[in-house]
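One structure is given here, and the rest of the page talks about it.
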Amino acid sequence: MTHGEKRARLFNVREQFEVSTSEFEEEWWPLVSNTWTRWGSNRLANGDEWTVFACRFLKHNESSTRKEDISSEKRRKTHPRDPNQCFAKMKVTRIAATLMVRIERYATTPDHSHTLEDSDRLKRSQAIKKLVEEEAVKPYASPSIAAAVKELATKIGIETSAKNLTRKDVTNIKQKVRAPENAILIGGPDLESDIRAAMNFLLDRSYLVERFTVLQKASFSQALGS
Ligand SMILES: [Zn+2]
């Protein structure tokens, strides 16, 4: 199944289906994380846990329902594709006994009142953010990274998710990714703690690090035979 097909299945959920928890978390959810927002959840006595997700456009609607006056009704009628009207919800159940995740439409909620592309305009998905993170460690400027991500996204069939990726999105993610790397360059109180910190930094990221020790100046001179 392509990424595009997975996205479609998690957008307007037609038939209930199950995938493994790890597959859901790694391969399904990141593709549509920009579409849904957590609406409610509960853990059952048997260990199962369900979460209902609502369309992100609903949130905007709820926060602006101060008065359901005539003017807003009018506005809605003049904009038939106003995504604020979206009441789509889906229910995701983690089944403790089988380690599977069941995805289904929540109760009798309707389809989205808008397209997947509209959701993509609203927010970037985790899948896109991950692509940006992977590119952001390379020493390129934000516009080049954005262009590279769009190309990668097209290759894996989620180009609509990347279409609205801005230079600012990239810059924000880049700062997040590079901040811990830059912190290591600031340096500790002495050379030895600096090297230890650098080694830990690399080990944390699964690099192989050879043993490194700092010789005292005197012994260092001796080691050189001077
Ligand atoms: Zn929607």
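Residues in the structure tokens are numbered from 1 in each chain, the chains being A, B, ... in the order shown, and ligands are numbered from 1 in the order shown.
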Problem - Near-ligand residues for ligand 1, threshold 7 Å, only C-alpha atoms and all ligand atoms, as number ranges by chain - result: A: 55-57, 83, 86-88, 112-114
Generate the output file for the selected residues, N, CA and C atoms, as a JSON list (two decimals), in the first residue's frame.
[["chain", "number", "residue", "atom", "x", "y", "z"],
["A", 55, "CYS", "N", -11.20, 16.21, 13.54],
["A", 55, "CYS", "CA", -10.52, 16.99, 12.49],
["A", 55, "CYS", "C", -9.99, 18.29, 13.11],
["A", 56, "ARG", "N", -8.80, 18.66, 12.72],
["A", 56, "ARG", "CA", -8.21, 19.90, 13.26],
["A", 56, "ARG", "C", -9.04, 21.14, 12.94],
["A", 57, "PHE", "N", -9.83, 21.07, 11.91],
["A", 57, "PHE", "CA", -10.66, 22.23, 11.58],
["A", 57, "PHE", "C", -11.79, 22.41, 12.59],
["A", 83, "PRO", "N", -14.05, 24.98, 5.76],
["A", 83, "PRO", "CA", -13.66, 23.78, 6.50],
["A", 83, "PRO", "C", -14.03, 23.84, 7.98],
["A", 86, "CYS", "N", -16.32, 21.17, 9.57],
["A", 86, "CYS", "CA", -15.97, 19.76, 9.55],
["A", 86, "CYS", "C", -16.16, 19.07, 10.89],
["A", 87, "PHE", "N", -16.92, 18.00, 10.89],
["A", 87, "PHE", "CA", -17.19, 17.26, 12.12],
["A", 87, "PHE", "C", -16.67, 15.82, 12.05],
["A", 88, "ALA", "N", -15.76, 15.56, 11.13],
["A", 88, "ALA", "CA", -15.23, 14.21, 10.98],
["A", 88, "ALA", "C", -14.45, 13.79, 12.23],
["A", 112, "HIS", "N", -15.02, 14.22, 6.04],
["A", 112, "HIS", "CA", -14.51, 15.58, 6.13],
["A", 112, "HIS", "C", -15.27, 16.45, 5.14],
["A", 113, "SER", "N", -15.47, 17.70, 5.50],
["A", 113, "SER", "CA", -16.18, 18.62, 4.60],
["A", 113, "SER", "C", -15.21, 19.29, 3.63],
["A", 114, "HIS", "N", -13.97, 18.81, 3.61],
["A", 114, "HIS", "CA", -12.93, 19.45, 2.82],
["A", 114, "HIS", "C", -11.98, 18.35, 2.34]]
Problem - Backbone DSSP call of alpha helix (DSSP H) for range 21-202 of chain A, listed as a VMD selection string - result: chain A and resid 21 to 23 29 to 32 56 to 63 70 to 78 116 to 122 126 to 136 142 to 155 159 to 162 167 to 186 191 to 202
Handout entry: Minimum-distance residue to Ala147 in chain A, chosen among A:Arg167, A:Thr21, A:Phe11, A:Glu133 (using only C-alpha atoms)
Key =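 Closest residue, counting only C-alpha atoms: A:Arg167.
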Handout entry: Best match for closeness to Val101 in chain A among A:Asn34, A:Thr51, A:Asn200, A:Asn46, counting only C-alpha atoms
Key =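 Among the listed residues, the smallest separation from Val101 in chain A belongs to A:Thr51.
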Exercise for the section: Have a look at A:Phe24, A:Ser125, A:Asp194, A:Tyr140 and name the one nearest to Ala153 in chain A; count only C-alpha atoms. Expected result: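 Smallest separation from Ala153 in chain A among the options: A:Ser125.
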Problem - Ser144 in chain A environment, 12 Å, only C-alpha atoms, sequence neighbours closer than 2 positions dropped, as a ChimeraX atom specification - result: /A:132,135-136,138-142,146-151,165-167,170-171
Convert the current residue selection to file output with all heavy atoms, as a short mmCIF file (atom, residue, chain, number, x, y, z; two decimals), in the first residue's frame.
data_model
loop_
_atom_site.label_atom_id
_atom_site.label_comp_id
_atom_site.auth_asym_id
_atom_site.auth_seq_id
_atom_site.Cartn_x
_atom_site.Cartn_y
_atom_site.Cartn_z
N VAL A 132 12.26 16.85 6.92
CA VAL A 132 12.98 18.11 7.11
C VAL A 132 14.12 17.92 8.11
O VAL A 132 15.24 18.37 7.88
CB VAL A 132 12.03 19.23 7.60
CG1 VAL A 132 12.82 20.50 7.92
CG2 VAL A 132 10.96 19.53 6.56
N GLU A 135 17.03 16.28 6.52
CA GLU A 135 17.75 17.17 5.59
C GLU A 135 18.43 18.31 6.33
O GLU A 135 19.45 18.83 5.87
CB GLU A 135 16.77 17.73 4.55
CG GLU A 135 16.32 16.73 3.51
CD GLU A 135 17.48 16.12 2.74
OE1 GLU A 135 18.23 16.87 2.11
OE2 GLU A 135 17.66 14.88 2.81
N ALA A 136 17.83 18.70 7.48
CA ALA A 136 18.30 19.91 8.18
C ALA A 136 19.69 19.73 8.79
O ALA A 136 20.35 20.71 9.09
CB ALA A 136 17.31 20.31 9.26
N LYS A 138 22.11 18.59 7.25
CA LYS A 138 23.07 18.91 6.19
C LYS A 138 23.25 20.43 6.12
O LYS A 138 22.34 21.18 6.41
CB LYS A 138 22.57 18.37 4.84
CG LYS A 138 22.41 16.85 4.84
CD LYS A 138 21.74 16.38 3.57
CE LYS A 138 21.39 14.90 3.67
NZ LYS A 138 20.56 14.46 2.52
N PRO A 139 24.44 20.86 5.72
CA PRO A 139 24.73 22.30 5.79
C PRO A 139 24.17 23.11 4.63
O PRO A 139 24.90 23.79 3.94
CB PRO A 139 26.26 22.32 5.80
CG PRO A 139 26.64 21.12 5.01
CD PRO A 139 25.58 20.08 5.25
N TYR A 140 22.85 23.03 4.43
CA TYR A 140 22.26 23.80 3.34
C TYR A 140 21.32 24.86 3.89
O TYR A 140 20.81 24.74 5.00
CB TYR A 140 21.48 22.87 2.39
CG TYR A 140 22.34 21.80 1.78
CD1 TYR A 140 22.03 20.46 1.96
CD2 TYR A 140 23.47 22.12 1.03
CE1 TYR A 140 22.82 19.46 1.41
CE2 TYR A 140 24.27 21.14 0.48
CZ TYR A 140 23.94 19.81 0.68
OH TYR A 140 24.73 18.83 0.14
N ALA A 141 21.06 25.86 3.08
CA ALA A 141 20.14 26.92 3.47
C ALA A 141 18.70 26.41 3.41
O ALA A 141 18.40 25.46 2.68
CB ALA A 141 20.32 28.12 2.55
N SER A 142 17.83 27.06 4.17
CA SER A 142 16.43 26.62 4.27
C SER A 142 15.73 26.43 2.93
O SER A 142 15.04 25.41 2.76
CB SER A 142 15.64 27.59 5.15
OG SER A 142 16.17 27.59 6.45
N ALA A 146 14.01 22.95 1.84
CA ALA A 146 12.59 22.86 1.49
C ALA A 146 12.42 22.21 0.12
O ALA A 146 11.57 21.33 -0.06
CB ALA A 146 11.95 24.25 1.50
N ALA A 147 13.27 22.59 -0.82
CA ALA A 147 13.19 22.03 -2.17
C ALA A 147 13.52 20.54 -2.16
O ALA A 147 12.83 19.74 -2.80
CB ALA A 147 14.15 22.78 -3.10
N ALA A 148 14.54 20.16 -1.37
CA ALA A 148 14.93 18.75 -1.28
C ALA A 148 13.80 17.92 -0.67
O ALA A 148 13.52 16.81 -1.13
CB ALA A 148 16.20 18.62 -0.46
N VAL A 149 13.16 18.46 0.38
CA VAL A 149 12.07 17.73 1.04
C VAL A 149 10.89 17.55 0.09
O VAL A 149 10.29 16.47 0.03
CB VAL A 149 11.64 18.46 2.34
CG1 VAL A 149 10.33 17.91 2.87
CG2 VAL A 149 12.74 18.34 3.40
N LYS A 150 10.58 18.58 -0.67
CA LYS A 150 9.47 18.47 -1.63
C LYS A 150 9.75 17.38 -2.66
O LYS A 150 8.86 16.63 -3.04
CB LYS A 150 9.24 19.82 -2.31
CG LYS A 150 8.48 20.78 -1.40
CD LYS A 150 8.29 22.14 -1.99
CE LYS A 150 7.75 23.07 -0.90
NZ LYS A 150 7.51 24.42 -1.35
N GLU A 151 11.01 17.30 -3.06
CA GLU A 151 11.40 16.28 -4.03
C GLU A 151 11.26 14.88 -3.41
O GLU A 151 10.70 13.97 -4.03
CB GLU A 151 12.84 16.53 -4.45
CG GLU A 151 13.19 16.02 -5.81
CD GLU A 151 14.61 16.40 -6.20
OE1 GLU A 151 14.86 17.62 -6.38
OE2 GLU A 151 15.46 15.50 -6.27
N LEU A 165 5.04 23.49 2.50
CA LEU A 165 6.21 23.64 3.36
C LEU A 165 6.90 24.97 3.05
O LEU A 165 7.25 25.23 1.91
CB LEU A 165 7.18 22.48 3.11
CG LEU A 165 8.44 22.44 3.97
CD1 LEU A 165 8.08 22.14 5.42
CD2 LEU A 165 9.41 21.41 3.45
N THR A 166 7.05 25.79 4.07
CA THR A 166 7.66 27.09 3.84
C THR A 166 9.09 27.09 4.35
O THR A 166 9.49 26.23 5.13
CB THR A 166 6.89 28.20 4.57
OG1 THR A 166 6.97 27.95 5.98
CG2 THR A 166 5.44 28.25 4.15
N ARG A 167 9.80 28.10 3.92
CA ARG A 167 11.16 28.32 4.36
C ARG A 167 11.17 28.51 5.89
O ARG A 167 12.09 28.06 6.58
CB ARG A 167 11.61 29.59 3.64
CG ARG A 167 13.01 29.95 3.84
CD ARG A 167 13.17 31.26 3.09
NE ARG A 167 14.43 31.86 3.46
CZ ARG A 167 15.05 32.78 2.71
NH1 ARG A 167 14.49 33.17 1.59
NH2 ARG A 167 16.18 33.28 3.11
N VAL A 170 10.97 25.26 7.74
CA VAL A 170 12.28 24.60 7.72
C VAL A 170 13.20 25.25 8.74
O VAL A 170 13.88 24.55 9.51
CB VAL A 170 12.91 24.67 6.31
CG1 VAL A 170 14.32 24.12 6.32
CG2 VAL A 170 12.05 23.90 5.31
N THR A 171 13.21 26.57 8.78
CA THR A 171 14.08 27.28 9.71
C THR A 171 13.75 26.90 11.15
O THR A 171 14.65 26.66 11.96
CB THR A 171 13.94 28.81 9.51
OG1 THR A 171 14.22 29.08 8.14
CG2 THR A 171 14.92 29.57 10.37
#
Practice task
DSSP on the backbone, then: every residue of range 1-180 of chain A marked strand (DSSP E or B), written as a PyMOL selection string.
Solution key: chain A and resi 17-20+36-43+49-55+89-95+100-105
Could you write out the selected residues, including N, CA and C atoms, as a CSV table (one decimal), in the first residue's frame?
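In the end it all went to selection.csv:
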chain,number,residue,atom,x,y,z
A,17,PHE,N,-10.4,-1.3,10.2
A,17,PHE,CA,-9.2,-2.2,9.9
A,17,PHE,C,-8.2,-2.2,11.1
A,18,GLU,N,-7.3,-3.2,11.0
A,18,GLU,CA,-6.3,-3.3,12.1
A,18,GLU,C,-4.9,-3.4,11.5
A,19,VAL,N,-4.0,-2.7,12.2
A,19,VAL,CA,-2.6,-2.9,11.9
A,19,VAL,C,-1.8,-3.0,13.2
A,20,SER,N,-0.6,-3.5,13.2
A,20,SER,CA,0.1,-3.6,14.4
A,20,SER,C,0.5,-2.3,15.0
A,36,TRP,N,-5.5,15.3,12.2
A,36,TRP,CA,-6.3,15.0,13.4
A,36,TRP,C,-5.8,15.6,14.6
A,37,THR,N,-6.7,15.8,15.6
A,37,THR,CA,-6.2,16.2,16.9
A,37,THR,C,-7.0,15.4,18.0
A,38,ARG,N,-6.3,15.1,19.0
A,38,ARG,CA,-6.9,14.3,20.1
A,38,ARG,C,-8.2,14.9,20.6
A,39,TRP,N,-9.2,14.2,20.7
A,39,TRP,CA,-10.5,14.7,21.2
A,39,TRP,C,-11.0,14.2,22.5
A,40,GLY,N,-10.6,12.9,22.7
A,40,GLY,CA,-11.0,12.2,23.9
A,40,GLY,C,-10.4,10.8,24.0
A,41,SER,N,-10.1,10.3,25.2
A,41,SER,CA,-9.6,9.0,25.2
A,41,SER,C,-10.0,8.3,26.5
A,42,ASN,N,-9.8,7.0,26.5
A,42,ASN,CA,-10.2,6.2,27.8
A,42,ASN,C,-9.4,4.9,27.8
A,43,ARG,N,-9.1,4.5,29.0
A,43,ARG,CA,-8.5,3.2,29.1
A,43,ARG,C,-9.5,2.2,29.7
A,49,GLU,N,-7.1,0.7,25.1
A,49,GLU,CA,-7.1,2.1,25.2
A,49,GLU,C,-7.6,2.7,23.9
A,50,TRP,N,-8.7,3.5,24.0
A,50,TRP,CA,-9.1,4.1,22.7
A,50,TRP,C,-9.0,5.6,22.8
A,51,THR,N,-8.8,6.2,21.6
A,51,THR,CA,-8.6,7.6,21.5
A,51,THR,C,-9.5,8.0,20.3
A,52,VAL,N,-10.3,9.1,20.5
A,52,VAL,CA,-11.1,9.6,19.4
A,52,VAL,C,-10.4,10.9,18.9
A,53,PHE,N,-10.2,10.9,17.6
A,53,PHE,CA,-9.5,12.1,17.0
A,53,PHE,C,-10.6,12.9,16.3
A,54,ALA,N,-10.5,14.2,16.4
A,54,ALA,CA,-11.4,15.1,15.6
A,54,ALA,C,-10.5,15.8,14.6
A,55,CYS,N,-11.2,16.2,13.5
A,55,CYS,CA,-10.5,17.0,12.5
A,55,CYS,C,-10.0,18.3,13.1
A,89,LYS,N,-14.6,12.5,12.6
A,89,LYS,CA,-13.9,12.0,13.8
A,89,LYS,C,-13.5,10.5,13.5
A,90,MET,N,-12.4,10.1,14.0
A,90,MET,CA,-12.1,8.7,13.9
A,90,MET,C,-11.7,8.1,15.3
A,91,LYS,N,-11.9,6.8,15.5
A,91,LYS,CA,-11.6,6.2,16.7
A,91,LYS,C,-10.5,5.2,16.5
A,92,VAL,N,-9.4,5.3,17.4
A,92,VAL,CA,-8.3,4.4,17.3
A,92,VAL,C,-8.2,3.7,18.6
A,93,THR,N,-8.2,2.3,18.5
A,93,THR,CA,-8.2,1.5,19.8
A,93,THR,C,-6.9,0.7,19.8
A,94,ARG,N,-6.2,0.8,20.8
A,94,ARG,CA,-5.0,0.0,21.0
A,94,ARG,C,-5.5,-1.3,21.8
A,95,ILE,N,-5.3,-2.4,21.1
A,95,ILE,CA,-5.8,-3.7,21.8
A,95,ILE,C,-4.6,-4.3,22.5
A,100,MET,N,-2.4,-4.9,18.6
A,100,MET,CA,-2.9,-4.3,17.3
A,100,MET,C,-3.6,-3.0,17.6
A,101,VAL,N,-3.7,-2.2,16.5
A,101,VAL,CA,-4.5,-1.0,16.6
A,101,VAL,C,-5.7,-1.1,15.7
A,102,ARG,N,-6.8,-0.8,16.2
A,102,ARG,CA,-8.0,-0.9,15.3
A,102,ARG,C,-8.4,0.6,15.0
A,103,ILE,N,-8.6,0.8,13.7
A,103,ILE,CA,-9.0,2.2,13.3
A,103,ILE,C,-10.4,2.1,12.7
A,104,GLU,N,-11.3,3.0,13.2
A,104,GLU,CA,-12.6,3.0,12.7
A,104,GLU,C,-13.2,4.4,12.7
A,105,ARG,N,-14.2,4.6,12.0
A,105,ARG,CA,-14.9,5.9,12.0
A,105,ARG,C,-15.6,6.0,13.4
